[in-house]
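Colleague: What follows is the file upload.cif, containing mmCIF, C-alpha atoms, pLDDT in the B column; chains and numbers go by the auth columns:
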data_my_file
loop_
_atom_site.group_PDB
_atom_site.id
_atom_site.type_symbol
_atom_site.label_atom_id
_atom_site.label_comp_id
_atom_site.label_asym_id
_atom_site.label_seq_id
_atom_site.Cartn_x
_atom_site.Cartn_y
_atom_site.Cartn_z
_atom_site.B_iso_or_equiv
_atom_site.auth_seq_id
_atom_site.auth_asym_id
ATOM 1 C CA MET A 1 -55.600 2.285 33.773 57.00 20 A
ATOM 2 C CA ASN A 2 -57.233 2.141 30.380 84.00 21 A
ATOM 3 C CA GLN A 3 -60.833 0.976 30.023 89.00 22 A
ATOM 4 C CA ARG A 4 -59.982 -2.254 28.227 90.00 23 A
ATOM 5 C CA ARG A 5 -57.590 -3.361 30.981 87.00 24 A
ATOM 6 C CA GLN A 6 -60.152 -2.405 33.625 87.00 25 A
ATOM 7 C CA ARG A 7 -62.859 -4.503 31.910 92.00 26 A
ATOM 8 C CA GLU A 8 -60.427 -7.438 31.708 91.00 27 A
ATOM 9 C CA ASN A 9 -59.645 -7.098 35.426 90.00 28 A
ATOM 10 C CA ASN A 10 -63.363 -6.904 36.279 91.00 29 A
ATOM 11 C CA LEU A 11 -64.149 -10.014 34.233 94.00 30 A
ATOM 12 C CA ALA A 12 -61.222 -11.932 35.729 94.00 31 A
ATOM 13 C CA THR A 13 -62.368 -10.897 39.224 94.00 32 A
ATOM 14 C CA PHE A 14 -65.927 -12.067 38.562 95.00 33 A
ATOM 15 C CA LEU A 15 -64.709 -15.392 37.154 95.00 34 A
ATOM 16 C CA ALA A 16 -62.497 -15.850 40.225 95.00 35 A
ATOM 17 C CA TYR A 17 -65.540 -15.119 42.408 96.00 36 A
ATOM 18 C CA LEU A 18 -67.598 -17.765 40.577 95.00 37 A
ATOM 19 C CA LYS A 19 -64.800 -20.298 41.087 95.00 38 A
ATOM 20 C CA PHE A 20 -64.675 -19.389 44.779 96.00 39 A
ATOM 21 C CA CYS A 21 -68.466 -19.895 45.070 95.00 40 A
ATOM 22 C CA ARG A 22 -68.205 -23.299 43.418 95.00 41 A
ATOM 23 C CA LEU A 23 -65.318 -24.489 45.626 95.00 42 A
ATOM 24 C CA GLN A 24 -66.515 -23.155 49.012 92.00 43 A
ATOM 25 C CA PRO A 25 -69.597 -25.073 50.172 88.00 44 A
ATOM 26 C CA ALA A 26 -69.849 -23.071 53.423 88.00 45 A
ATOM 27 C CA TYR A 27 -70.297 -19.823 51.494 93.00 46 A
ATOM 28 C CA HIS A 28 -73.904 -18.961 50.615 92.00 47 A
ATOM 29 C CA ALA A 29 -73.834 -17.212 47.235 91.00 48 A
ATOM 30 C CA CYS A 30 -76.476 -14.489 47.293 94.00 49 A
ATOM 31 C CA TRP A 31 -76.521 -10.811 46.310 95.00 50 A
ATOM 32 C CA ALA A 32 -75.957 -9.539 49.849 94.00 51 A
ATOM 33 C CA ASN A 33 -72.905 -11.750 50.320 95.00 52 A
ATOM 34 C CA GLN A 34 -71.548 -10.877 46.902 95.00 53 A
ATOM 35 C CA PHE A 35 -71.738 -7.175 47.781 95.00 54 A
ATOM 36 C CA HIS A 36 -69.857 -7.740 51.047 95.00 55 A
ATOM 37 C CA ILE A 37 -67.151 -9.858 49.432 96.00 56 A
ATOM 38 C CA MET A 38 -66.726 -7.549 46.428 95.00 57 A
ATOM 39 C CA ASP A 39 -66.532 -4.509 48.703 96.00 58 A
ATOM 40 C CA TRP A 40 -63.656 -6.192 50.548 96.00 59 A
ATOM 41 C CA ILE A 41 -62.014 -7.075 47.210 95.00 60 A
ATOM 42 C CA ASP A 42 -62.372 -3.453 46.030 93.00 61 A
ATOM 43 C CA GLU A 43 -60.617 -2.230 49.172 94.00 62 A
ATOM 44 C CA ARG A 44 -57.827 -4.735 48.523 94.00 63 A
ATOM 45 C CA ARG A 45 -57.596 -3.580 44.896 91.00 64 A
ATOM 46 C CA ILE A 46 -57.109 0.002 46.115 91.00 65 A
ATOM 47 C CA GLU A 47 -54.259 -1.230 48.337 92.00 66 A
ATOM 48 C CA MET A 48 -52.688 -3.112 45.425 91.00 67 A
ATOM 49 C CA THR A 49 -52.961 -0.062 43.152 88.00 68 A
ATOM 50 C CA ALA A 50 -51.288 2.063 45.834 92.00 69 A
ATOM 51 C CA GLU A 51 -48.461 -0.495 45.941 92.00 70 A
ATOM 52 C CA GLY A 52 -48.006 -0.146 42.189 90.00 71 A
ATOM 53 C CA ARG A 53 -49.927 -3.252 41.080 88.00 72 A
ATOM 54 C CA PRO A 54 -52.785 -1.792 38.997 81.00 73 A
ATOM 55 C CA HIS A 55 -53.525 -5.082 37.209 83.00 74 A
ATOM 56 C CA TRP A 56 -54.192 -7.105 40.359 87.00 75 A
ATOM 57 C CA VAL A 57 -56.777 -9.896 40.083 90.00 76 A
ATOM 58 C CA PRO A 58 -57.841 -11.592 43.329 93.00 77 A
ATOM 59 C CA SER A 59 -56.811 -15.174 43.942 93.00 78 A
ATOM 60 C CA MET A 60 -58.743 -17.907 45.714 93.00 79 A
ATOM 61 C CA ARG A 61 -56.817 -17.027 48.875 94.00 80 A
ATOM 62 C CA ASP A 62 -58.011 -13.405 48.626 95.00 81 A
ATOM 63 C CA PHE A 63 -61.637 -14.544 48.467 95.00 82 A
ATOM 64 C CA GLU A 64 -61.069 -16.887 51.409 94.00 83 A
ATOM 65 C CA MET A 65 -59.600 -13.983 53.400 95.00 84 A
ATOM 66 C CA ALA A 66 -62.590 -11.830 52.422 95.00 85 A
ATOM 67 C CA GLU A 67 -64.986 -14.553 53.565 94.00 86 A
ATOM 68 C CA ARG A 68 -63.160 -14.867 56.881 94.00 87 A
ATOM 69 C CA ASP A 69 -63.059 -11.095 57.456 95.00 88 A
ATOM 70 C CA CYS A 70 -66.728 -10.612 56.479 94.00 89 A
ATOM 71 C CA TRP A 71 -68.068 -13.785 58.131 93.00 90 A
ATOM 72 C CA ASP A 72 -70.143 -11.957 60.765 93.00 91 A
ATOM 73 C CA ASP A 73 -71.866 -9.836 58.104 92.00 92 A
ATOM 74 C CA LEU A 74 -72.622 -12.639 55.642 93.00 93 A
ATOM 75 C CA VAL A 75 -76.046 -14.200 55.162 93.00 94 A
ATOM 76 C CA LYS A 76 -75.997 -17.818 56.301 87.00 95 A
ATOM 77 C CA LEU A 77 -78.223 -20.646 55.017 77.00 96 A
#
What is this file in structure tokens?

Modeller:
Amino acid sequence: MNQRRQRENNLATFLAYLKFCRLQPAYHACWANQFHIMDWIDERRIEMTAEGRPHWVPSMRDFEMAERDCWDDLVKL
């Protein structure tokens, strides 16, 4: 993937994360949680690339799945 497309994907992913933070009151947005969620998203991106979808940008559902899967490791308020 070229660098421009990768930067666009990264920006779109970050904007989707910000939207997720705004719409999910149970999620505590802090650095530790962001690292956990983004690690999960990166693993999903690797899966999508392997399936031939190199321009995948996570949806709200993907972030909700990440929150559910990482719930035990997330910092709570």

Colleague: Give me the segment 25-53 of chain A side of the contact with segment 63-84 of chain A, cut-off 7 Å, one line per residue showing its nearest atom pair and distance in Å at one decimal, counting only C-alpha atoms, sorted by chain and residue number, as a Markdown table.

Modeller:
| residue | atom | partner | partner_atom | distance |
| --- | --- | --- | --- | --- |
| A:Asn28 | CA | A:Val76 | CA | 6.1 |
| A:Ala31 | CA | A:Val76 | CA | 6.5 |
| A:Thr32 | CA | A:Val76 | CA | 5.7 |
| A:Ala35 | CA | A:Ser78 | CA | 6.8 |
| A:Phe39 | CA | A:Met79 | CA | 6.2 |

Colleague: May I have the residues from that selection written out with C-alpha atoms, as a PDB file, in the frame of the given file?

Modeller:
ATOM      1  CA  ASN A  28     -59.645  -7.098  35.426  1.00 90.00           C
ATOM      2  CA  ALA A  31     -61.222 -11.932  35.729  1.00 94.00           C
ATOM      3  CA  THR A  32     -62.368 -10.897  39.224  1.00 94.00           C
ATOM      4  CA  ALA A  35     -62.497 -15.850  40.225  1.00 95.00           C
ATOM      5  CA  PHE A  39     -64.675 -19.389  44.779  1.00 96.00           C
TER       6      PHE A  39
END

Colleague: Expand the PyMOL selection byres ((chain A and resi 45) around 12) into the explicit residue set it covers here, and present it as a PyMOL selection string.

Modeller: chain A and resi 39-44+46-48+83+86-87+90+93-96

Colleague: What's the separation between atom CA of Cys49 of chain A and atom CA of Phe33 of chain A, in Å to one decimal place?

Modeller: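 According to the coordinates, atom CA of Cys49 of chain A and atom CA of Phe33 of chain A are separated by 13.9 Å.
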
Colleague: Please identify all polymer residues lying at most 6 Å from the point (-64.8, -9.5, 54.3) (file coordinates), using only C-alpha atoms, and present the result as a list in words.

Modeller: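 The answer, in the requested form, is Ile56, Trp59, Ala85, Glu86, Asp88 and Cys89 of chain A.
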
Colleague: What is the atom CA of Ile60 of chain A to atom CA of Asn21 of chain A distance in Å?

Modeller: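 Separation between atom CA of Ile60 of chain A and atom CA of Asn21 of chain A: 19.8 Å.
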
Colleague: In Å, rounded to a single decimal, give me how far atom CA of Trp50 of chain A is from atom CA of Glu27 of chain A.

Modeller: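 Separation of atom CA of Glu27 of chain A and atom CA of Trp50 of chain A: 22.0 Å.
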
Colleague: Using only the atoms of segment 34-40 of chain A listed in the file, plus 4 Å on each side, state the axis-aligned box centre and edge lengths in Å rounded to one decimal, as JSON.

Modeller:
{"center_x": -65.5, "center_y": -17.7, "center_z": 41.1, "size_x": 14.0, "size_y": 13.2, "size_z": 15.9}
